[in-house]
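Participant: File entry30.tsv follows (TSV, C-alpha atoms (C1' of nucleotides)):
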```
chain	number	residue	atom	x	y	z
A	1	MET	CA	39.23	147.75	23.62
A	2	ASP	CA	41.84	148.54	26.16
A	3	PRO	CA	42.50	152.27	25.72
A	4	THR	CA	45.99	152.37	27.17
A	5	PRO	CA	47.11	149.29	29.00
A	6	ARG	CA	48.39	150.07	32.47
A	7	TRP	CA	52.03	149.14	32.29
A	8	LEU	CA	54.11	148.89	35.40
A	9	THR	CA	55.95	151.93	36.68
A	10	SER	CA	59.66	151.69	36.23
A	11	GLN	CA	60.14	151.11	39.92
A	12	GLN	CA	57.67	148.26	39.85
A	13	GLN	CA	59.26	146.87	36.73
A	14	VAL	CA	62.66	146.90	38.36
A	15	ALA	CA	61.39	145.01	41.37
A	16	TRP	CA	59.59	142.47	39.22
A	17	ASP	CA	62.58	141.89	36.96
A	18	SER	CA	65.00	141.49	39.83
A	19	PHE	CA	62.77	139.08	41.59
A	20	ILE	CA	62.14	136.96	38.50
A	21	ARG	CA	65.78	136.85	37.59
A	22	MET	CA	66.91	135.93	41.07
A	23	GLN	CA	64.31	133.30	41.51
A	24	GLU	CA	65.04	131.64	38.17
A	25	LYS	CA	68.77	131.53	38.71
A	26	LEU	CA	68.53	130.36	42.27
A	27	ILE	CA	66.02	127.61	41.64
A	28	GLY	CA	67.86	126.51	38.53
A	29	ARG	CA	71.17	126.30	40.25
A	30	LEU	CA	69.84	124.39	43.20
A	31	ALA	CA	68.04	121.94	40.95
A	32	ARG	CA	71.17	121.32	38.93
A	33	ARG	CA	73.19	120.86	42.10
A	34	VAL	CA	70.92	118.31	43.65
A	35	GLN	CA	70.84	116.46	40.35
A	36	ALA	CA	74.60	116.50	40.03
A	37	ASP	CA	75.28	115.66	43.66
A	38	SER	CA	72.78	112.90	44.17
A	39	GLY	CA	71.38	111.91	40.81
A	40	MET	CA	67.94	112.87	42.06
A	41	SER	CA	65.66	115.52	40.68
A	42	ALA	CA	64.37	118.31	42.89
A	43	ALA	CA	61.01	116.56	42.75
A	44	ASP	CA	62.50	113.30	43.98
A	45	TYR	CA	64.13	115.21	46.79
A	46	ILE	CA	61.04	116.86	48.14
A	47	VAL	CA	58.93	113.73	47.90
A	48	LEU	CA	61.49	111.77	49.85
A	49	VAL	CA	61.74	114.52	52.46
A	50	LYS	CA	58.01	114.51	53.02
A	51	LEU	CA	57.84	110.73	53.08
A	52	THR	CA	60.64	110.23	55.54
A	53	GLU	CA	59.64	112.99	57.90
A	54	THR	CA	56.14	111.61	58.33
A	55	SER	CA	55.58	109.20	61.17
A	56	GLY	CA	55.28	105.67	59.85
A	57	GLY	CA	57.30	106.55	56.82
A	58	ARG	CA	54.43	106.04	54.43
A	59	MET	CA	51.65	108.18	53.11
A	60	ARG	CA	48.69	107.99	50.80
A	61	LEU	CA	49.36	109.39	47.37
A	62	MET	CA	46.80	112.15	47.72
A	63	ASP	CA	48.09	113.15	51.14
A	64	LEU	CA	51.54	113.41	49.68
A	65	ALA	CA	50.18	115.49	46.86
A	66	LYS	CA	48.37	117.82	49.26
A	67	GLN	CA	51.47	118.23	51.40
A	68	VAL	CA	53.51	119.55	48.52
A	69	GLU	CA	50.54	121.14	46.79
A	70	TRP	CA	50.78	119.21	43.57
A	71	GLU	CA	47.92	117.86	41.57
A	72	LYS	CA	47.34	114.16	41.78
A	73	SER	CA	48.38	113.44	38.22
A	74	ARG	CA	51.73	115.06	38.75
A	75	MET	CA	52.28	113.05	41.88
A	76	SER	CA	51.15	109.87	40.19
A	77	HIS	CA	53.67	110.32	37.38
A	78	GLN	CA	56.38	111.25	39.84
A	79	VAL	CA	55.75	108.23	42.02
A	80	ARG	CA	55.77	105.93	39.01
A	81	ARG	CA	59.18	107.25	37.99
A	82	MET	CA	60.47	106.93	41.52
A	83	VAL	CA	59.24	103.36	41.74
A	84	GLU	CA	61.09	102.61	38.51
A	85	ARG	CA	64.23	104.06	40.04
A	86	GLY	CA	63.75	102.12	43.22
A	87	LEU	CA	63.38	105.14	45.49
A	88	VAL	CA	59.87	104.41	46.72
A	89	ALA	CA	57.41	101.52	46.70
A	90	LYS	CA	53.65	101.27	46.60
A	91	GLU	CA	51.91	99.26	49.28
A	92	GLU	CA	48.35	97.97	49.35
A	93	CYS	CA	45.87	100.00	51.30
A	94	PRO	CA	43.62	97.73	53.36
A	95	ASP	CA	40.80	100.14	54.16
A	96	ASP	CA	40.46	101.79	50.77
A	97	GLY	CA	40.49	99.50	47.80
A	98	ARG	CA	41.45	102.27	45.42
A	99	GLY	CA	44.37	103.76	47.22
A	100	ALA	CA	47.97	102.99	47.75
A	101	PHE	CA	50.48	103.86	50.38
A	102	ILE	CA	53.77	105.22	49.20
A	103	ALA	CA	56.88	104.49	51.23
A	104	ALA	CA	60.54	105.18	50.76
A	105	THR	CA	62.62	102.11	50.06
A	106	PRO	CA	65.88	101.58	51.95
A	107	ALA	CA	67.64	102.96	48.88
A	108	GLY	CA	65.35	105.98	48.98
A	109	CYS	CA	66.09	106.57	52.66
A	110	LYS	CA	69.78	106.29	52.02
A	111	ALA	CA	69.53	108.66	49.10
A	112	ILE	CA	67.74	111.35	51.03
A	113	GLU	CA	69.99	111.00	54.06
A	114	ASP	CA	72.97	111.54	51.83
A	115	ALA	CA	71.45	114.32	49.83
A	116	ALA	CA	69.83	116.43	52.52
A	117	PRO	CA	72.92	117.84	54.25
A	118	VAL	CA	74.52	118.66	50.94
A	119	HIS	CA	71.40	120.36	49.72
A	120	VAL	CA	71.10	122.44	52.88
A	121	GLU	CA	74.70	123.48	52.46
A	122	HIS	CA	73.91	124.77	48.99
A	123	VAL	CA	70.82	126.61	50.15
A	124	ARG	CA	72.92	128.24	52.80
A	125	ARG	CA	75.78	129.00	50.49
A	126	LEU	CA	73.74	130.44	47.63
A	127	PHE	CA	70.92	132.11	49.48
A	128	ILE	CA	70.98	132.32	53.27
A	129	ASP	CA	74.54	133.61	53.42
A	130	ALA	CA	73.66	136.43	51.05
A	131	LEU	CA	71.24	137.99	53.50
A	132	SER	CA	71.07	139.21	57.06
A	133	GLN	CA	68.49	137.80	59.41
A	134	GLU	CA	66.51	141.04	59.09
A	135	GLU	CA	66.47	140.63	55.34
A	136	LEU	CA	65.38	137.03	55.67
A	137	ASP	CA	62.55	138.08	57.94
A	138	MET	CA	61.57	140.78	55.54
A	139	LEU	CA	61.54	138.33	52.67
A	140	ALA	CA	59.43	135.91	54.65
A	141	ARG	CA	56.97	138.66	55.45
A	142	ILE	CA	56.80	139.75	51.84
A	143	SER	CA	56.37	136.19	50.63
A	144	ASP	CA	53.58	135.50	53.07
A	145	ARG	CA	51.88	138.68	52.07
A	146	VAL	CA	51.99	137.77	48.39
A	147	LEU	CA	50.77	134.27	49.20
A	148	ALA	CA	47.87	135.59	51.23
A	149	HIS	CA	47.02	138.05	48.52
A	150	MET	CA	47.04	135.34	45.88
A	151	GLU	CA	44.67	133.20	47.93
A	152	SER	CA	42.20	136.05	47.87
A	153	GLN	CA	42.38	136.32	44.11
A	154	PRO	CA	40.58	134.20	41.55
A	155	ASP	CA	42.72	132.18	39.22
B	1	MET	CA	81.92	112.08	57.65
B	2	ASP	CA	79.86	115.08	58.44
B	3	PRO	CA	79.67	115.13	62.21
B	4	THR	CA	76.42	117.04	62.56
B	5	PRO	CA	75.14	118.68	59.42
B	6	ARG	CA	74.43	122.36	59.92
B	7	TRP	CA	70.70	122.58	59.44
B	8	LEU	CA	69.02	125.92	59.08
B	9	THR	CA	67.78	127.75	62.13
B	10	SER	CA	64.04	127.78	62.41
B	11	GLN	CA	63.95	131.44	61.43
B	12	GLN	CA	65.99	130.71	58.35
B	13	GLN	CA	63.86	127.73	57.53
B	14	VAL	CA	60.71	129.80	57.79
B	15	ALA	CA	62.07	132.39	55.39
B	16	TRP	CA	63.24	129.78	52.93
B	17	ASP	CA	59.95	127.89	53.01
B	18	SER	CA	57.86	131.01	52.55
B	19	PHE	CA	59.96	132.19	49.68
B	20	ILE	CA	59.90	128.84	47.90
B	21	ARG	CA	56.21	128.41	48.34
B	22	MET	CA	55.39	131.90	47.15
B	23	GLN	CA	57.64	131.73	44.18
B	24	GLU	CA	56.32	128.35	43.05
B	25	LYS	CA	52.69	129.37	43.33
B	26	LEU	CA	53.19	132.73	41.71
B	27	ILE	CA	55.20	131.49	38.76
B	28	GLY	CA	52.89	128.55	38.28
B	29	ARG	CA	49.79	130.67	38.28
B	30	LEU	CA	51.21	133.19	35.87
B	31	ALA	CA	52.37	130.49	33.51
B	32	ARG	CA	48.96	128.85	33.52
B	33	ARG	CA	47.28	132.20	32.95
B	34	VAL	CA	49.36	133.16	29.95
B	35	GLN	CA	48.78	129.70	28.54
B	36	ALA	CA	45.04	129.89	29.08
B	37	ASP	CA	44.70	133.48	27.91
B	38	SER	CA	46.84	133.36	24.82
B	39	GLY	CA	47.67	129.75	24.07
B	40	MET	CA	51.35	130.61	24.42
B	41	SER	CA	53.78	129.20	26.93
B	42	ALA	CA	55.71	131.50	29.23
B	43	ALA	CA	58.75	130.73	27.11
B	44	ASP	CA	56.98	131.82	23.94
B	45	TYR	CA	55.98	135.00	25.68
B	46	ILE	CA	59.41	136.08	26.77
B	47	VAL	CA	61.01	135.22	23.45
B	48	LEU	CA	58.47	137.31	21.61
B	49	VAL	CA	58.92	140.19	24.04
B	50	LYS	CA	62.65	140.24	23.48
B	51	LEU	CA	62.29	139.88	19.74
B	52	THR	CA	59.78	142.64	19.30
B	53	GLU	CA	61.43	145.11	21.61
B	54	THR	CA	64.72	144.92	19.75
B	55	SER	CA	65.28	147.40	16.97
B	56	GLY	CA	64.94	145.70	13.61
B	57	GLY	CA	62.70	143.07	15.10
B	58	ARG	CA	65.15	140.27	14.52
B	59	MET	CA	68.03	138.80	16.42
B	60	ARG	CA	70.63	136.09	16.15
B	61	LEU	CA	69.77	132.96	18.04
B	62	MET	CA	72.71	133.25	20.37
B	63	ASP	CA	71.99	136.89	21.12
B	64	LEU	CA	68.47	135.95	21.97
B	65	ALA	CA	69.76	133.20	24.20
B	66	LYS	CA	72.12	135.56	25.98
B	67	GLN	CA	69.39	138.14	26.52
B	68	VAL	CA	67.24	135.73	28.43
B	69	GLU	CA	70.18	133.76	29.83
B	70	TRP	CA	69.29	130.43	28.35
B	71	GLU	CA	71.66	127.94	26.90
B	72	LYS	CA	71.71	127.69	23.16
B	73	SER	CA	70.20	124.25	22.99
B	74	ARG	CA	67.18	125.37	24.95
B	75	MET	CA	66.74	128.32	22.65
B	76	SER	CA	67.21	126.19	19.58
B	77	HIS	CA	64.46	123.80	20.67
B	78	GLN	CA	62.22	126.67	21.64
B	79	VAL	CA	62.67	128.44	18.33
B	80	ARG	CA	61.97	125.25	16.43
B	81	ARG	CA	58.69	124.82	18.25
B	82	MET	CA	57.79	128.45	17.69
B	83	VAL	CA	58.54	128.14	14.00
B	84	GLU	CA	56.23	125.14	13.86
B	85	ARG	CA	53.53	127.21	15.51
B	86	GLY	CA	54.08	130.10	13.17
B	87	LEU	CA	55.17	132.58	15.85
B	88	VAL	CA	58.65	133.25	14.52
B	89	ALA	CA	60.65	132.60	11.39
B	90	LYS	CA	64.29	131.96	10.68
B	91	GLU	CA	66.04	134.17	8.16
B	92	GLU	CA	69.33	133.59	6.39
B	93	CYS	CA	72.31	135.37	7.83
B	94	PRO	CA	74.42	136.84	5.04
B	95	ASP	CA	77.65	137.49	6.90
B	96	ASP	CA	77.82	134.27	8.90
B	97	GLY	CA	77.10	131.07	7.07
B	98	ARG	CA	76.28	129.21	10.25
B	99	GLY	CA	73.86	131.54	11.86
B	100	ALA	CA	70.26	132.48	11.51
B	101	PHE	CA	68.23	135.51	12.38
B	102	ILE	CA	65.05	134.93	14.26
B	103	ALA	CA	62.15	137.28	13.69
B	104	ALA	CA	58.59	137.39	14.89
B	105	THR	CA	56.02	136.68	12.20
B	106	PRO	CA	52.97	138.94	11.88
B	107	ALA	CA	51.06	136.28	13.80
B	108	GLY	CA	53.76	136.38	16.49
B	109	CYS	CA	53.54	140.17	16.74
B	110	LYS	CA	49.80	140.02	16.99
B	111	ALA	CA	50.04	137.34	19.63
B	112	ILE	CA	52.40	139.28	21.85
B	113	GLU	CA	50.52	142.53	21.43
B	114	ASP	CA	47.37	140.82	22.58
B	115	ALA	CA	49.03	138.90	25.37
B	116	ALA	CA	51.23	141.55	26.94
B	117	PRO	CA	48.60	143.83	28.48
B	118	VAL	CA	46.72	140.87	29.88
B	119	HIS	CA	49.89	139.43	31.32
B	120	VAL	CA	50.85	142.70	32.96
B	121	GLU	CA	47.40	142.88	34.48
B	122	HIS	CA	47.94	139.48	36.06
B	123	VAL	CA	51.36	140.40	37.36
B	124	ARG	CA	49.85	143.46	38.92
B	125	ARG	CA	46.86	141.65	40.29
B	126	LEU	CA	48.71	138.70	41.79
B	127	PHE	CA	51.94	140.33	42.87
B	128	ILE	CA	52.36	144.09	42.65
B	129	ASP	CA	49.06	144.84	44.33
B	130	ALA	CA	50.02	142.69	47.27
B	131	LEU	CA	52.90	144.95	48.22
B	132	SER	CA	53.67	148.56	48.98
B	133	GLN	CA	56.30	150.38	46.99
B	134	GLU	CA	58.64	150.12	49.98
B	135	GLU	CA	58.19	146.39	50.03
B	136	LEU	CA	58.81	146.19	46.31
B	137	ASP	CA	62.00	148.18	46.73
B	138	MET	CA	63.04	145.95	49.57
B	139	LEU	CA	62.39	142.86	47.49
B	140	ALA	CA	64.38	144.27	44.60
B	141	ARG	CA	67.28	145.01	46.93
B	142	ILE	CA	67.15	141.56	48.42
B	143	SER	CA	66.95	139.93	45.00
B	144	ASP	CA	69.90	141.90	43.70
B	145	ARG	CA	71.87	141.01	46.73
B	146	VAL	CA	71.19	137.31	46.30
B	147	LEU	CA	72.03	137.56	42.61
B	148	ALA	CA	75.29	139.31	43.31
B	149	HIS	CA	76.14	136.78	45.97
B	150	MET	CA	75.44	133.90	43.62
B	151	GLU	CA	77.72	135.38	40.99
B	152	SER	CA	80.53	135.28	43.50
B	153	GLN	CA	79.93	131.64	44.24
B	154	PRO	CA	81.12	128.65	42.25
B	155	ASP	CA	78.43	126.42	40.80
C	1	DC	C1'	97.62	128.18	2.80
C	2	DA	C1'	96.61	124.80	6.33
C	3	DC	C1'	95.44	123.79	10.49
C	4	DC	C1'	93.14	124.48	15.03
C	5	DG	C1'	90.40	126.21	18.41
C	6	DA	C1'	86.33	128.80	19.31
C	7	DT	C1'	81.72	129.98	18.06
C	8	DG	C1'	76.83	129.22	16.23
C	9	DG	C1'	73.58	126.10	15.98
C	10	DT	C1'	71.15	121.33	15.69
C	11	DT	C1'	69.76	116.91	17.34
C	12	DG	C1'	68.19	113.00	20.20
C	13	DA	C1'	67.37	111.02	24.52
C	14	DT	C1'	65.39	111.47	28.80
C	15	DG	C1'	62.85	113.39	32.64
C	16	DC	C1'	59.42	116.73	34.28
C	17	DG	C1'	54.63	119.23	34.31
C	18	DT	C1'	49.94	119.88	32.58
C	19	DC	C1'	45.70	118.75	30.74
C	20	DA	C1'	41.90	115.92	29.84
C	21	DA	C1'	39.92	111.65	29.86
C	22	DC	C1'	39.24	107.72	32.23
C	23	DC	C1'	38.37	103.78	35.78
C	24	DA	C1'	37.28	102.03	40.28
C	25	DA	C1'	36.05	102.23	44.95
C	26	DT	C1'	33.45	105.00	48.22
C	27	DT	C1'	30.14	107.90	50.32
C	28	DC	C1'	25.98	110.35	50.39
C	29	DC	C1'	21.26	110.35	50.44
C	30	DC	C1'	16.61	109.15	49.41
D	1	DG	C1'	19.31	98.92	48.93
D	2	DG	C1'	20.31	101.66	44.91
D	3	DG	C1'	21.76	105.26	42.21
D	4	DA	C1'	24.49	109.60	41.86
D	5	DA	C1'	28.12	112.30	42.97
D	6	DT	C1'	32.82	112.34	44.99
D	7	DT	C1'	37.22	110.83	45.76
D	8	DG	C1'	41.68	108.23	44.72
D	9	DG	C1'	44.43	107.20	41.31
D	10	DT	C1'	46.15	106.04	36.39
D	11	DT	C1'	47.09	106.96	31.70
D	12	DG	C1'	48.44	109.17	27.25
D	13	DA	C1'	49.61	113.00	24.69
D	14	DC	C1'	52.06	116.95	24.39
D	15	DG	C1'	55.25	120.77	25.40
D	16	DC	C1'	59.30	122.23	28.02
D	17	DA	C1'	64.38	121.79	30.06
D	18	DT	C1'	68.83	119.60	30.28
D	19	DC	C1'	72.68	117.04	28.80
D	20	DA	C1'	75.87	115.37	25.67
D	21	DA	C1'	77.24	114.66	21.21
D	22	DC	C1'	77.62	116.46	16.95
D	23	DC	C1'	78.39	119.42	12.55
D	24	DA	C1'	79.60	123.56	10.10
D	25	DT	C1'	81.74	127.73	9.79
D	26	DC	C1'	84.73	131.30	11.24
D	27	DG	C1'	88.94	133.50	12.97
D	28	DG	C1'	93.52	133.39	14.13
D	29	DT	C1'	98.28	131.75	13.92
D	30	DG	C1'	102.41	129.45	12.07
```
Take the structure from the file and write it as C-alpha cells.
Facilitator:
Amino acid sequence: MDPTPRWLTSQQQVAWDSFIRMQEKLIGRLARRVQADSGMSAADYIVLVKLTETSGGRMRLMDLAKQVEWEKSRMSHQVRRMVERGLVAKEECPDDGRGAFIAATPAGCKAIEDAAPVHVEHVRRLFIDALSQEELDMLARISDRVLAHMESQPD
Amino acid sequence: MDPTPRWLTSQQQVAWDSFIRMQEKLIGRLARRVQADSGMSAADYIVLVKLTETSGGRMRLMDLAKQVEWEKSRMSHQVRRMVERGLVAKEECPDDGRGAFIAATPAGCKAIEDAAPVHVEHVRRLFIDALSQEELDMLARISDRVLAHMESQPD
DNA sequence: CACCGATGGTTGATGCGTCAACCAATTCCC
DNA sequence: GGGAATTGGTTGACGCATCAACCATCGGTG
C-alpha cells in the first residue's frame, strides 16, 4: 500500500520530541501544582477564570464552552462536578427555557482569587523565567502559525 | 498578604495563551486521530512504539515506565488494559520474582505497524508542515531550554 | 541468619475527557 | 399555524491519570 512511509527527518524528529516532552512535563506540573495548592483541578481553574472575568459574573453554558473551546458535554460534566463542590451554581434562564446560567458562588470567587496569583507565580517560575522576551515572542509566533495551519486542515 | 500579585505583562500573556491554545488543540487532534484511525489511545501507541523499538521486543514494566516518564501505577493500569485488549502480554521474569516482562503480541505489532505511518503523516500534516526548519529548530531550542529550567526548579 | 529498607508492581477510589444517544425548547420556513 | 431542523443541555458508559495504600521480593548490613 504505502511503499515507504515518509518518516520525519532526524531534525524534525528532534524538534517534535522536544516539544512533546516539554509540553507534557510543563502542563503536568502546573496541573499538579494547582491541584495541590488550591484543591482545584486545572479545569475548575479555567472555568472560574472565565466566569469571574465576564461582566455580570454569569454565562450561559454554551458560551462558556465556546470561550474555552470545549464541547458541550465536557462542560456539562464539569459544571455538574463544580456544582457538587460548591464552586458554581446554575441559575434559571428566563428567555430560553432550555438553558441555564452558570455563576461562581462566593466560595468559587474566593477560591479563584486565592488560586490565581499562586498559579501565575508558577507559570512564571516554570516557564516565563526560562525564556527571554524574544524567545517568548518567537514561541507565540510559532504557536499562532501552527494554529492557523491547523484551522486550514481537515480533521 | 500578597500586596499586588505580579501578573504577566501583556506580551508574556500573549505568548502563554498562544502556546497553551496551540498545544491543547494539537495534542487533542492527534489523540482523536490515532483513536479514530487505529482504535488505539495515544497511550497505547507510545507504549507499543517503545516496546517494539527495543531489542528483544520486551521490557520490564518499570523500564517501560522510565522510558516514557510515567509513574509505575499509571503504567501498571495501562498495561492491564492493553493486556485485556490483546495488545501486549506479561511474561514471567526468571531472575526477579516480583517483576514481569511486557511484550507486544502479534496483534500489538500489527497494530503499531499499521498505525505508525498514519500517525506520522498527521504529525507532519498538522504540525511539521506549518513551520520552516528554522522555526522547528527554534522551537526545539526553546523547548529544551524550558525543560532544563524546569529540572532546576523544585516542584 | 535475621532484619530492614528499597525496589517492582498491583489495586481501588476518584476525577477528567470523549463519544453517542437522548430530550426539550426554539427557530426557520412554507 | 405546523412541522422540520437546529440549538442548548443532560446522561451513561467507558477509558485514562493520579493518589495513596498495599504486598512481595530483593539486597544489604549487623
Participant: Which residues of chain A are close to chain D, meaning at most 9 Å apart when you count only C-alpha atoms (C1' of nucleotides), and how do they look as a ChimeraX atom specification?
Facilitator: /A:61-62,72-73,76-77,96,98-100
Participant: Can you write out the residues you just picked, keeping C-alpha atoms, as a PDB file, in the coordinates of the input?
Facilitator:
```
ATOM      1  CA  LEU A  61      49.360 109.390  47.370  1.00  0.00           C
ATOM      2  CA  MET A  62      46.800 112.150  47.720  1.00  0.00           C
ATOM      3  CA  LYS A  72      47.340 114.160  41.780  1.00  0.00           C
ATOM      4  CA  SER A  73      48.380 113.440  38.220  1.00  0.00           C
ATOM      5  CA  SER A  76      51.150 109.870  40.190  1.00  0.00           C
ATOM      6  CA  HIS A  77      53.670 110.320  37.380  1.00  0.00           C
ATOM      7  CA  ASP A  96      40.460 101.790  50.770  1.00  0.00           C
ATOM      8  CA  ARG A  98      41.450 102.270  45.420  1.00  0.00           C
ATOM      9  CA  GLY A  99      44.370 103.760  47.220  1.00  0.00           C
ATOM     10  CA  ALA A 100      47.970 102.990  47.750  1.00  0.00           C
TER      11      ALA A 100
END
```
Participant: Would you kindly identify which residues have an atom no farther than 10 Å from (70.6, 132.9, 37.8), using only C-alpha atoms (C1' of nucleotides) and the file's own coordinates, and write them out as a ChimeraX atom specification?
Facilitator: /A:20-29 /B:69-70,146-148,150-151
Participant: Residues of chain C near chain B: apply a cut-off of 9 Å, count all atoms listed in the file, and supply the list as a PyMOL selection string.
Facilitator: chain C and resi 8-10
Participant: Find the residues in chain B near chain A: any atom within 6 Å counts, using all atoms listed in the file. Write them as number ranges by chain.
Facilitator: B: 5, 15, 18-19, 22, 117, 126, 130, 136, 140, 143, 146-147, 149-150
Participant: My list of candidates is B:Met40, B:Leu51, B:Leu64, B:Ala89. Which is closest to B:Asp114 when distances are computed with all atoms listed in the file?
Facilitator: B:Met40
Participant: Provide the atom CA of A:Gln78 to atom CA of B:Ala36 distance in Å, to one decimal place.
Facilitator: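 Interatomic distance, atom CA of A:Gln78 to atom CA of B:Ala36: 24.3 Å.
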Participant: Fewer than 6 positions away in the same chain doesn't count, so skip those; otherwise give me all residues within 8 Å of A:Ala42, counting all atoms listed in the file, as a list in words.
Facilitator: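 Surrounding residues, per the criterion: Ala31, Val34 and Gln35 of chain A.
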Participant: Excluding A:Thr105 and residues on its chain fewer than 3 positions from it, collect all residues at most 6 Å away from it, counting only C-alpha atoms (C1' of nucleotides), and give them as an MDAnalysis selection string.
Facilitator: chainID A and resid 87:88 108
